[in-house]
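Asker: Below is one structure. I have some questions about it.
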Amino acid sequence: MKLTTDVTQPLEERVARIESILARIASGDFTQRIPLDENDEDALTTIEVGINFMAQDLHDLFAANMAQQAKLLAQRQEIEDGLKLLAMKQATITALSTPVIQVWQDVLCLPLVGSIDAARATEMTERVIAAVDRAKPHGMIIDITGINQMDEACASALVGTARAVRLLGCEVVISGVSPLVAQTLVGLGADFGAIATHRTLWDGLRHFIDGRRGQSVPAVERRRSRI
Amino acid sequence: MTNVLRPPRGNLDGVEVRGEVLAGTVDAMGSYRARALVILERLGVTSVRAGQWYPLAALLTTFEKIEDAAGARAMRRVGATVASTAVWPDGIDSLEAALSSIDVAYHMNHRRNGRELFDGATGQIVEGGIGHDVFLPAKPGERTALYICGSFYPDQFDLGMAEVLANKFKPAGADKVTVEIDASKPIRASGGATTTYVIRW
């Protein structure tokens with residue numbers, strides 16, 4: 001195979017063209033190809049074709065990388081969207097897990113279901129205090145019928161919430177205390193102090209109904225005097 | 001208007017080529033054979049075996065890449081090598097017979113969705129939407145014939161084949177036969193439905 005003698009393009013021109021194309025490929029333009037003259041077929045042609053194959057490979061690899069990058073970005077977006085949705089659902093679940101509802105005139109109720117961890121205890125206390133501050137009720141029933149497990153942290157959270165509510169001038173009653181839970185609370189040494197406890201929610205509600213029948217001073221005025 | 005010679009370019013779904021043809025074509029790539037095998041491997045064709053069928057799209061992509069890097073001449077040479085090394089059946093003794101037989105061979109060696117496109121019992125082509133190659137012989141007294149290709153194969157590949165066959169089966173009295181693409185008409189490489197080759201002697 002000859003290097004070049006009787007070809008249509010001088011060797012210098014072809015080398016300069018190779019240099020120029022290589023510079024453009026090096027700068028990231030992988031679509032560049034060395035044009036091949038129909039009349040040139042020598043050792044340099046092998047190099048020119050080799051460079052073209054290299055540029056082709058770089059182009060394909062770059063395209064594959066870009067496609068992969070786009071795929072990863074899409075996956076990341078999908079994960080971020082999923083996390084946002086999860087956070088929204090978590091917020092909804094948190095709100096639903098500590099609902100404060102009015103069960104009678106001037107009486108609110110916080111029905112607790114499931115288990116109470118530190119995060120839920122904090123959320124519970126904050127929501128109850130906010131509700132009491134907003135509605136200024138006479139009484140608050142914390143119903144623990146749905147609490148499936150009573151441990152020290154749970155009992156402590158319960159006592160803490162009840163005391164905080166009392167400090168706002170609201171009478172607190174804990175209802176739904178089953179014999180098993182009562183036994184556990186005693187075992188844990190939970191001190192409910194002056195907080196009344198009842199076996200059922202109905203008993204807790206009746207506590208306020210009976211109290212209202214017996215009182216002579218309107219509830220609002222009594223609350224004011226306590227504060 | 002639907003062109004019966006050339007199906008839409010994108011209509012390669014389910015079109016396959018015989019392993020024998022794929023292997024022969026890859027061998028015909030000469031110094032680019034190794035490169036062609038690498039390209040095919042990247043396209044999922046890891047081994048080529050006789051008796052097996054392979055996606056035609058993989059072979060066409062390989063052709064495109066070889067032509068992109070090594071130029072039109074390289075692709076023409078592949079077509080020429082395929083035509084030179086092919087074993088021609090008895091009875092093929094003229095340019096018309098040779099170029100007319102290519103369409104039959106094209107349909108015998110390709111299939112769509114598992115359906116073969118040549119009925120051996122009747123000796124007829126089964127229409128499979130893969131295009132056709134047609135030879136139009138010279139009119140009496142003229143020395144120009146036309147070969148119109150509507151197959152999926154590259155223009156330069158068919159040009160190389162036609163050049164070899166035109167010189168192998170020269171018309172009576174012809175000294176030298178030339179084949180060139182009719183540039184006045186649309187060609188497949190530029191999106192045309194067919195490519196017309198003018199054969200002169």
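Labeling convention for the structure tokens: chains A, B, ... as they appear, residues from 1 per chain, ligands from 1 in order of appearance.
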Could you pull out the strand (DSSP E or B) residues of range 117-157 of chain A from DSSP and send them as a ChimeraX atom specification?
Answerer: /A:139-147
Asker: Using only C-alpha atoms and a cut-off of 12 Å, which residues of chain A sit close to chain B? Please list them as a PyMOL selection string.
Answerer: chain A and resi 31-41+45-57+59-61+64
Asker: Would you mind exporting N, CA and C atoms of the selected residues as a short mmCIF file (atom, residue, chain, number, x, y, z; two decimals), in the first residue's frame?
Answerer:
```
data_model
loop_
_atom_site.label_atom_id
_atom_site.label_comp_id
_atom_site.auth_asym_id
_atom_site.auth_seq_id
_atom_site.Cartn_x
_atom_site.Cartn_y
_atom_site.Cartn_z
N THR A 31 -19.92 14.69 15.35
CA THR A 31 -20.57 14.43 14.06
C THR A 31 -19.57 14.64 12.91
N GLN A 32 -18.40 15.14 13.25
CA GLN A 32 -17.40 15.40 12.21
C GLN A 32 -16.90 14.09 11.59
N ARG A 33 -16.74 14.10 10.27
CA ARG A 33 -16.15 12.96 9.56
C ARG A 33 -15.15 13.51 8.55
N ILE A 34 -14.10 12.75 8.33
CA ILE A 34 -13.14 13.14 7.30
C ILE A 34 -13.72 12.70 5.96
N PRO A 35 -13.97 13.64 5.06
CA PRO A 35 -14.52 13.23 3.76
C PRO A 35 -13.49 12.41 2.99
N LEU A 36 -13.95 11.35 2.38
CA LEU A 36 -13.01 10.46 1.67
C LEU A 36 -13.15 10.68 0.16
N ASP A 37 -12.04 10.91 -0.46
CA ASP A 37 -12.04 11.11 -1.90
C ASP A 37 -12.10 9.75 -2.60
N GLU A 38 -12.94 9.67 -3.61
CA GLU A 38 -13.10 8.42 -4.35
C GLU A 38 -11.79 7.92 -4.93
N ASN A 39 -10.90 8.86 -5.22
CA ASN A 39 -9.65 8.47 -5.88
C ASN A 39 -8.52 8.17 -4.91
N ASP A 40 -8.73 8.48 -3.65
CA ASP A 40 -7.66 8.24 -2.68
C ASP A 40 -7.88 6.89 -2.01
N GLU A 41 -6.89 6.05 -2.11
CA GLU A 41 -6.93 4.82 -1.35
C GLU A 41 -5.50 4.41 -1.05
N THR A 45 -5.72 6.63 4.00
CA THR A 45 -7.16 6.33 3.99
C THR A 45 -7.53 5.47 5.20
N THR A 46 -6.64 4.53 5.52
CA THR A 46 -6.90 3.66 6.67
C THR A 46 -7.00 4.50 7.94
N ILE A 47 -6.10 5.50 8.05
CA ILE A 47 -6.13 6.37 9.23
C ILE A 47 -7.39 7.23 9.22
N GLU A 48 -7.73 7.75 8.03
CA GLU A 48 -8.93 8.59 7.92
C GLU A 48 -10.19 7.81 8.32
N VAL A 49 -10.29 6.61 7.80
CA VAL A 49 -11.47 5.77 8.13
C VAL A 49 -11.45 5.43 9.62
N GLY A 50 -10.24 5.14 10.14
CA GLY A 50 -10.12 4.83 11.58
C GLY A 50 -10.59 5.98 12.44
N ILE A 51 -10.23 7.20 12.04
CA ILE A 51 -10.67 8.39 12.79
C ILE A 51 -12.19 8.53 12.70
N ASN A 52 -12.71 8.25 11.50
CA ASN A 52 -14.18 8.33 11.35
C ASN A 52 -14.89 7.32 12.24
N PHE A 53 -14.35 6.12 12.32
CA PHE A 53 -14.95 5.11 13.20
C PHE A 53 -14.87 5.56 14.66
N MET A 54 -13.73 6.16 15.02
CA MET A 54 -13.55 6.64 16.40
C MET A 54 -14.60 7.73 16.71
N ALA A 55 -14.77 8.67 15.75
CA ALA A 55 -15.75 9.74 15.95
C ALA A 55 -17.15 9.15 16.06
N GLN A 56 -17.40 8.12 15.27
CA GLN A 56 -18.71 7.45 15.29
C GLN A 56 -18.96 6.83 16.68
N ASP A 57 -17.93 6.17 17.20
CA ASP A 57 -18.03 5.55 18.53
C ASP A 57 -18.27 6.61 19.61
N HIS A 59 -19.56 9.52 19.20
CA HIS A 59 -20.93 10.04 19.01
C HIS A 59 -21.95 9.11 19.65
N ASP A 60 -21.80 7.81 19.38
CA ASP A 60 -22.76 6.83 19.91
C ASP A 60 -22.69 6.74 21.44
N LEU A 61 -21.45 6.75 21.96
CA LEU A 61 -21.29 6.68 23.42
C LEU A 61 -21.86 7.93 24.10
N ALA A 64 -25.53 7.70 24.03
CA ALA A 64 -26.00 6.72 25.03
C ALA A 64 -25.92 7.31 26.44
#
```
Asker: Considering only C-alpha atoms, state which residue in the set B:Ala86, B:Thr194, B:Asp182, B:Arg188 is at the smallest distance from Ala98 in chain B.
Answerer: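 Result for the nearest residue to Ala98 in chain B: B:Ala86.
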Asker: Quick one, how far is CA of Met108 in chain B from CA of Thr122 in chain B?
Answerer: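 One can read the CA of Met108 in chain B to CA of Thr122 in chain B distance as 12.9 Å.
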Asker: Hey, what does DSSP flag as helix (DSSP H, G or I) within range 110-215 of chain A? Can you give it to me as a count of residues only?
Answerer: 58
Asker: Name all residues at most 12 Å from Arg33 in chain B (count only C-alpha atoms; drop same-chain ones fewer than 5 positions away) and give them as a list in words.
Answerer: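 After dropping sequence-adjacent residues, the list is Leu22, Ala23, Gly24, Thr25, Val26, Asp27, Ala28, Val38, Ile39, Leu40, Thr62, Phe63, Ile66, Ala74 and Val78 of chain B.
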Asker: Using only C-alpha atoms, which protein or nucleic acid residues come within 7 Å of range 120-127 of chain A? Drop anything in the same chain fewer than 3 positions from it, and give the result as a PyMOL selection string.
Answerer: chain A and resi 98+116-117+130-131+157+161
Asker: Between CA of Ala138 in chain B and CA of Thr85 in chain B, what is the spacing in Å?
Answerer: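 Between CA of Thr85 in chain B and CA of Ala138 in chain B the gap is 26.6 Å.
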Asker: Using only C-alpha atoms, determine which residues lie at most 12 Å from range 99-111 of chain A, disregarding the query and same-chain residues fewer than 4 positions distant; provide the list as a count of residues only.
Answerer: 55
Asker: What separation in Å, quoted to one decimal, exists between CA of Leu95 in chain B and CA of Leu165 in chain B?
Answerer: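 Between these atoms lies a distance of 6.8 Å.
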